[in-house]
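Structure below is entry.pdb: PDB, C-alpha atoms, pLDDT in the B column.
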```pdb
ATOM      1  CA  MET U   1     -58.316 -14.901  -5.932  1.00 46.00           C
ATOM      2  CA  LYS U   2     -58.225 -18.720  -5.939  1.00 43.00           C
ATOM      3  CA  LEU U   3     -61.702 -18.884  -7.483  1.00 41.00           C
ATOM      4  CA  ARG U   4     -60.583 -16.602 -10.351  1.00 41.00           C
ATOM      5  CA  SER U   5     -57.465 -18.749 -10.975  1.00 38.00           C
ATOM      6  CA  ILE U   6     -59.558 -21.911 -11.076  1.00 36.00           C
ATOM      7  CA  GLY U   7     -61.978 -20.259 -13.498  1.00 38.00           C
ATOM      8  CA  LEU U   8     -59.149 -19.207 -15.824  1.00 34.00           C
ATOM      9  CA  LEU U   9     -57.662 -22.713 -15.672  1.00 35.00           C
ATOM     10  CA  LEU U  10     -61.016 -24.290 -16.617  1.00 35.00           C
ATOM     11  CA  LEU U  11     -61.485 -21.795 -19.431  1.00 35.00           C
ATOM     12  CA  GLY U  12     -58.003 -22.640 -20.779  1.00 40.00           C
ATOM     13  CA  LEU U  13     -58.718 -26.383 -20.626  1.00 35.00           C
ATOM     14  CA  ALA U  14     -62.029 -25.923 -22.463  1.00 35.00           C
ATOM     15  CA  ALA U  15     -60.360 -23.884 -25.210  1.00 35.00           C
ATOM     16  CA  GLY U  16     -57.616 -26.484 -25.587  1.00 35.00           C
ATOM     17  CA  ALA U  17     -60.174 -29.265 -25.966  1.00 34.00           C
ATOM     18  CA  CYS U  18     -61.630 -27.533 -29.038  1.00 33.00           C
ATOM     19  CA  SER U  19     -58.324 -27.061 -30.870  1.00 33.00           C
ATOM     20  CA  GLU U  20     -57.343 -28.879 -34.049  1.00 42.00           C
ATOM     21  CA  ILE U  21     -55.669 -32.255 -33.929  1.00 45.00           C
ATOM     22  CA  THR U  22     -51.932 -31.952 -33.414  1.00 43.00           C
ATOM     23  CA  GLY U  23     -49.809 -34.046 -35.717  1.00 43.00           C
ATOM     24  CA  PRO U  24     -46.169 -35.038 -35.712  1.00 43.00           C
ATOM     25  CA  GLU U  25     -43.681 -32.503 -34.373  1.00 43.00           C
ATOM     26  CA  ALA U  26     -46.579 -30.494 -32.861  1.00 39.00           C
ATOM     27  CA  GLU U  27     -47.667 -29.167 -36.258  1.00 43.00           C
ATOM     28  CA  ARG U  28     -51.299 -28.182 -36.638  1.00 50.00           C
ATOM     29  CA  ALA U  29     -52.555 -30.920 -38.915  1.00 68.00           C
ATOM     30  CA  LEU U  30     -55.659 -32.815 -39.983  1.00 88.00           C
ATOM     31  CA  LEU U  31     -55.609 -36.509 -39.134  1.00 90.00           C
ATOM     32  CA  MET U  32     -56.529 -38.529 -42.223  1.00 90.00           C
ATOM     33  CA  THR U  33     -58.901 -41.458 -41.513  1.00 88.00           C
ATOM     34  CA  ASP U  34     -60.635 -44.308 -43.364  1.00 85.00           C
ATOM     35  CA  ASP U  35     -64.094 -42.825 -42.868  1.00 81.00           C
ATOM     36  CA  SER U  36     -63.363 -39.143 -43.566  1.00 85.00           C
ATOM     37  CA  SER U  37     -65.071 -37.613 -46.582  1.00 82.00           C
ATOM     38  CA  VAL U  38     -62.394 -34.877 -46.829  1.00 91.00           C
ATOM     39  CA  ALA U  39     -59.068 -36.538 -45.936  1.00 93.00           C
ATOM     40  CA  ASP U  40     -59.039 -40.315 -46.156  1.00 94.00           C
ATOM     41  CA  PHE U  41     -56.096 -42.627 -45.477  1.00 96.00           C
ATOM     42  CA  SER U  42     -55.435 -46.337 -45.226  1.00 96.00           C
ATOM     43  CA  ALA U  43     -52.275 -48.337 -44.521  1.00 96.00           C
ATOM     44  CA  TRP U  44     -51.590 -52.062 -44.533  1.00 94.00           C
ATOM     45  CA  LEU U  45     -48.666 -54.382 -43.943  1.00 93.00           C
ATOM     46  CA  VAL U  46     -47.186 -55.645 -47.215  1.00 92.00           C
ATOM     47  CA  ARG U  47     -46.436 -59.357 -47.143  1.00 78.00           C
ATOM     48  CA  PRO U  48     -43.042 -60.195 -48.690  1.00 69.00           C
ATOM     49  CA  GLY U  49     -43.446 -61.947 -52.028  1.00 64.00           C
ATOM     50  CA  SER U  50     -47.231 -61.590 -52.243  1.00 65.00           C
ATOM     51  CA  ASP U  51     -48.092 -57.878 -52.287  1.00 71.00           C
ATOM     52  CA  PRO U  52     -45.844 -55.489 -54.182  1.00 78.00           C
ATOM     53  CA  ALA U  53     -45.086 -52.238 -52.367  1.00 85.00           C
ATOM     54  CA  PRO U  54     -46.548 -49.327 -54.348  1.00 90.00           C
ATOM     55  CA  ASP U  55     -44.267 -46.684 -55.808  1.00 93.00           C
ATOM     56  CA  LEU U  56     -44.398 -43.249 -54.202  1.00 97.00           C
ATOM     57  CA  ARG U  57     -46.822 -41.181 -56.248  1.00 97.00           C
ATOM     58  CA  VAL U  58     -48.743 -37.902 -55.859  1.00 98.00           C
ATOM     59  CA  GLU U  59     -51.482 -37.018 -58.341  1.00 98.00           C
ATOM     60  CA  GLY U  60     -53.889 -34.147 -58.852  1.00 98.00           C
ATOM     61  CA  GLY U  61     -57.464 -34.843 -59.875  1.00 97.00           C
ATOM     62  CA  VAL U  62     -60.967 -33.442 -59.810  1.00 97.00           C
ATOM     63  CA  ARG U  63     -60.972 -31.319 -56.616  1.00 97.00           C
ATOM     64  CA  GLN U  64     -58.446 -33.627 -54.922  1.00 97.00           C
ATOM     65  CA  VAL U  65     -54.814 -34.589 -54.431  1.00 98.00           C
ATOM     66  CA  SER U  66     -54.098 -38.277 -53.892  1.00 98.00           C
ATOM     67  CA  ILE U  67     -50.979 -39.993 -52.578  1.00 98.00           C
ATOM     68  CA  GLN U  68     -49.706 -43.546 -52.406  1.00 97.00           C
ATOM     69  CA  GLY U  69     -46.461 -45.120 -51.325  1.00 97.00           C
ATOM     70  CA  ALA U  70     -44.686 -47.402 -48.897  1.00 96.00           C
ATOM     71  CA  LEU U  71     -42.930 -46.848 -45.583  1.00 96.00           C
ATOM     72  CA  GLY U  72     -40.327 -49.170 -44.059  1.00 94.00           C
ATOM     73  CA  THR U  73     -40.103 -49.925 -40.333  1.00 94.00           C
ATOM     74  CA  PRO U  74     -37.620 -52.013 -38.325  1.00 92.00           C
ATOM     75  CA  TYR U  75     -40.369 -54.535 -37.442  1.00 91.00           C
ATOM     76  CA  PRO U  76     -44.117 -54.954 -38.069  1.00 94.00           C
ATOM     77  CA  CYS U  77     -45.489 -53.745 -34.700  1.00 95.00           C
ATOM     78  CA  PHE U  78     -46.154 -50.124 -35.702  1.00 96.00           C
ATOM     79  CA  ASP U  79     -49.293 -47.999 -36.043  1.00 96.00           C
ATOM     80  CA  VAL U  80     -49.266 -46.025 -39.298  1.00 97.00           C
ATOM     81  CA  GLN U  81     -51.272 -42.792 -39.624  1.00 96.00           C
ATOM     82  CA  GLY U  82     -51.516 -40.019 -42.183  1.00 96.00           C
ATOM     83  CA  TYR U  83     -51.661 -36.287 -41.486  1.00 96.00           C
ATOM     84  CA  VAL U  84     -52.046 -33.404 -43.891  1.00 96.00           C
ATOM     85  CA  GLU U  85     -51.335 -29.737 -43.313  1.00 95.00           C
ATOM     86  CA  GLN U  86     -52.563 -27.115 -45.798  1.00 93.00           C
ATOM     87  CA  ASP U  87     -51.315 -23.559 -46.137  1.00 92.00           C
ATOM     88  CA  GLY U  88     -53.032 -22.074 -49.193  1.00 92.00           C
ATOM     89  CA  ALA U  89     -51.709 -23.926 -52.254  1.00 94.00           C
ATOM     90  CA  GLU U  90     -49.094 -25.813 -50.194  1.00 95.00           C
ATOM     91  CA  LEU U  91     -49.893 -29.300 -48.908  1.00 96.00           C
ATOM     92  CA  HIS U  92     -47.672 -31.278 -46.557  1.00 97.00           C
ATOM     93  CA  PHE U  93     -48.536 -34.952 -46.089  1.00 97.00           C
ATOM     94  CA  THR U  94     -46.832 -36.762 -43.199  1.00 97.00           C
ATOM     95  CA  ILE U  95     -47.011 -40.535 -42.983  1.00 97.00           C
ATOM     96  CA  SER U  96     -46.152 -41.424 -39.410  1.00 97.00           C
ATOM     97  CA  ALA U  97     -45.266 -44.854 -37.977  1.00 97.00           C
ATOM     98  CA  THR U  98     -45.333 -45.141 -34.178  1.00 96.00           C
ATOM     99  CA  ARG U  99     -44.020 -48.162 -32.313  1.00 95.00           C
ATOM    100  CA  LYS U 100     -46.690 -50.214 -30.518  1.00 95.00           C
ATOM    101  CA  PRO U 101     -45.875 -50.987 -26.864  1.00 95.00           C
ATOM    102  CA  VAL U 102     -45.726 -54.778 -27.382  1.00 95.00           C
ATOM    103  CA  MET U 103     -43.095 -57.463 -27.871  1.00 94.00           C
ATOM    104  CA  CYS U 104     -42.499 -57.986 -31.576  1.00 93.00           C
ATOM    105  CA  ILE U 105     -40.542 -60.172 -33.949  1.00 90.00           C
ATOM    106  CA  ALA U 106     -37.376 -58.459 -35.203  1.00 86.00           C
ATOM    107  CA  VAL U 107     -37.974 -58.438 -38.951  1.00 90.00           C
ATOM    108  CA  VAL U 108     -38.020 -55.451 -41.297  1.00 91.00           C
ATOM    109  CA  ALA U 109     -41.550 -54.538 -42.373  1.00 93.00           C
ATOM    110  CA  THR U 110     -43.081 -52.471 -45.159  1.00 94.00           C
ATOM    111  CA  PHE U 111     -46.421 -50.674 -44.891  1.00 96.00           C
ATOM    112  CA  ALA U 112     -48.204 -49.587 -48.070  1.00 96.00           C
ATOM    113  CA  TYR U 113     -50.496 -46.562 -47.854  1.00 97.00           C
ATOM    114  CA  ARG U 114     -52.856 -44.435 -49.886  1.00 96.00           C
ATOM    115  CA  GLY U 115     -54.815 -41.322 -49.127  1.00 97.00           C
ATOM    116  CA  ALA U 116     -56.521 -38.292 -50.608  1.00 96.00           C
ATOM    117  CA  LEU U 117     -57.386 -34.744 -49.640  1.00 96.00           C
ATOM    118  CA  ARG U 118     -60.703 -33.756 -51.235  1.00 95.00           C
ATOM    119  CA  ASP U 119     -62.772 -30.597 -51.733  1.00 94.00           C
ATOM    120  CA  LEU U 120     -59.831 -28.533 -52.986  1.00 95.00           C
ATOM    121  CA  PRO U 121     -60.374 -25.569 -55.299  1.00 95.00           C
ATOM    122  CA  PRO U 122     -58.845 -25.908 -58.783  1.00 97.00           C
ATOM    123  CA  GLY U 123     -55.262 -24.719 -59.172  1.00 97.00           C
ATOM    124  CA  LEU U 124     -51.602 -25.639 -58.938  1.00 98.00           C
ATOM    125  CA  TYR U 125     -50.497 -27.136 -55.590  1.00 97.00           C
ATOM    126  CA  GLN U 126     -47.010 -27.596 -54.141  1.00 98.00           C
ATOM    127  CA  VAL U 127     -46.972 -30.966 -52.348  1.00 98.00           C
ATOM    128  CA  ARG U 128     -44.445 -32.388 -49.896  1.00 98.00           C
ATOM    129  CA  VAL U 129     -44.491 -35.919 -48.489  1.00 98.00           C
ATOM    130  CA  THR U 130     -42.598 -36.774 -45.308  1.00 98.00           C
ATOM    131  CA  HIS U 131     -42.102 -40.204 -43.756  1.00 98.00           C
ATOM    132  CA  ALA U 132     -41.677 -40.312 -39.964  1.00 98.00           C
ATOM    133  CA  VAL U 133     -40.702 -43.465 -38.078  1.00 97.00           C
ATOM    134  CA  ASP U 134     -40.612 -42.951 -34.303  1.00 91.00           C
ATOM    135  CA  ASP U 135     -38.369 -39.885 -33.821  1.00 86.00           C
ATOM    136  CA  ARG U 136     -36.834 -39.797 -37.321  1.00 95.00           C
ATOM    137  CA  SER U 137     -38.428 -38.001 -40.243  1.00 97.00           C
ATOM    138  CA  LYS U 138     -37.366 -37.529 -43.839  1.00 97.00           C
ATOM    139  CA  GLU U 139     -38.913 -35.589 -46.701  1.00 98.00           C
ATOM    140  CA  VAL U 140     -39.266 -38.145 -49.497  1.00 97.00           C
ATOM    141  CA  LEU U 141     -40.960 -36.126 -52.238  1.00 98.00           C
ATOM    142  CA  GLU U 142     -41.651 -32.561 -53.284  1.00 98.00           C
ATOM    143  CA  THR U 143     -43.655 -31.919 -56.440  1.00 98.00           C
ATOM    144  CA  SER U 144     -46.364 -29.791 -58.059  1.00 98.00           C
ATOM    145  CA  VAL U 145     -49.755 -31.112 -59.118  1.00 98.00           C
ATOM    146  CA  THR U 146     -52.774 -29.582 -60.809  1.00 98.00           C
ATOM    147  CA  VAL U 147     -56.257 -29.869 -59.334  1.00 97.00           C
ATOM    148  CA  TRP U 148     -59.174 -29.244 -61.671  1.00 97.00           C
TER     149      TRP U 148
END
```

Full structure transcribed into structure tokens:
Amino acid sequence: MKLRSIGLLLLGLAAGACSEITGPEAERALLMTDDSSVADFSAWLVRPGSDPAPDLRVEGGVRQVSIQGALGTPYPCFDVQGYVEQDGAELHFTISATRKPVMCIAVVATFAYRGALRDLPPGLYQVRVTHAVDDRSKEVLETSVTVW
């Protein structure tokens, strides 16, 4: 009986290791990265006075939807990542800032970001963008874009 229980436990762990990346709020999501050919994302700290923060924008293009914007945090010691979840013609981008476990100067910071989801079939897409800072999240844009 114990051997069977151990076998089932190992089988469950192996299946869990092959699952998709889990994004914010335990949604099934694709992590967007710098080196991904399908869903790329980059974020950088905007220096006050030198780099303007980009306006929030979502655009359709040739087989892709691209996003850009800026996310504010209470101080600069945050990791910023992008996730995208697709359900048919609905796309939900989440830009997530997570506090780094370090001592940090108490000054408001702004992170600019841009990303794109590629290899989409042509059509009309409903797109939502959510900003999440630690445990707070807010939908900041909902729009429709055309992919050709």

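Neighbourhood of point (-50.0, -40.9, -39.2): residues with an atom at most 7 Å away, counting all atoms listed in the file, are Val80, Gln81, Gly82, Tyr83, Thr94, Ile95, Ser96 and Ala97 of chain U.
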
Q: Would you work out the distance separating CA of Pro54 (chain U) from CA of Gly88 (chain U), expressed in Å to one decimal?
A: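 For CA of Pro54 (chain U) relative to CA of Gly88 (chain U), the distance reads 28.5 Å.
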
Q) Which of these, U:Pro122, U:Pro101, U:Pro52, U:Gly115, has the shortest distance to Ser36 (chain U) once you count all atoms listed in the file? A) U:Gly115

Q. Which of these, U:Cys104, U:Cys77, U:Ile67, U:Ala53, has the shortest distance to His92 (chain U) once you count all atoms listed in the file?
A. U:Ile67

Q.
To one decimal place in Å, what is the distance between CA of Phe111 (chain U) and CA of Glu85 (chain U)?
A.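 Answer for the CA of Phe111 (chain U) to CA of Glu85 (chain U) separation: 21.6 Å.
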
Q.
If I take CA of Asp134 (chain U) and CA of Phe78 (chain U), how far is one from the other in Å, to one decimal?
A.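 Computing the Euclidean distance for CA of Asp134 (chain U) and CA of Phe78 (chain U) yields 9.2 Å.
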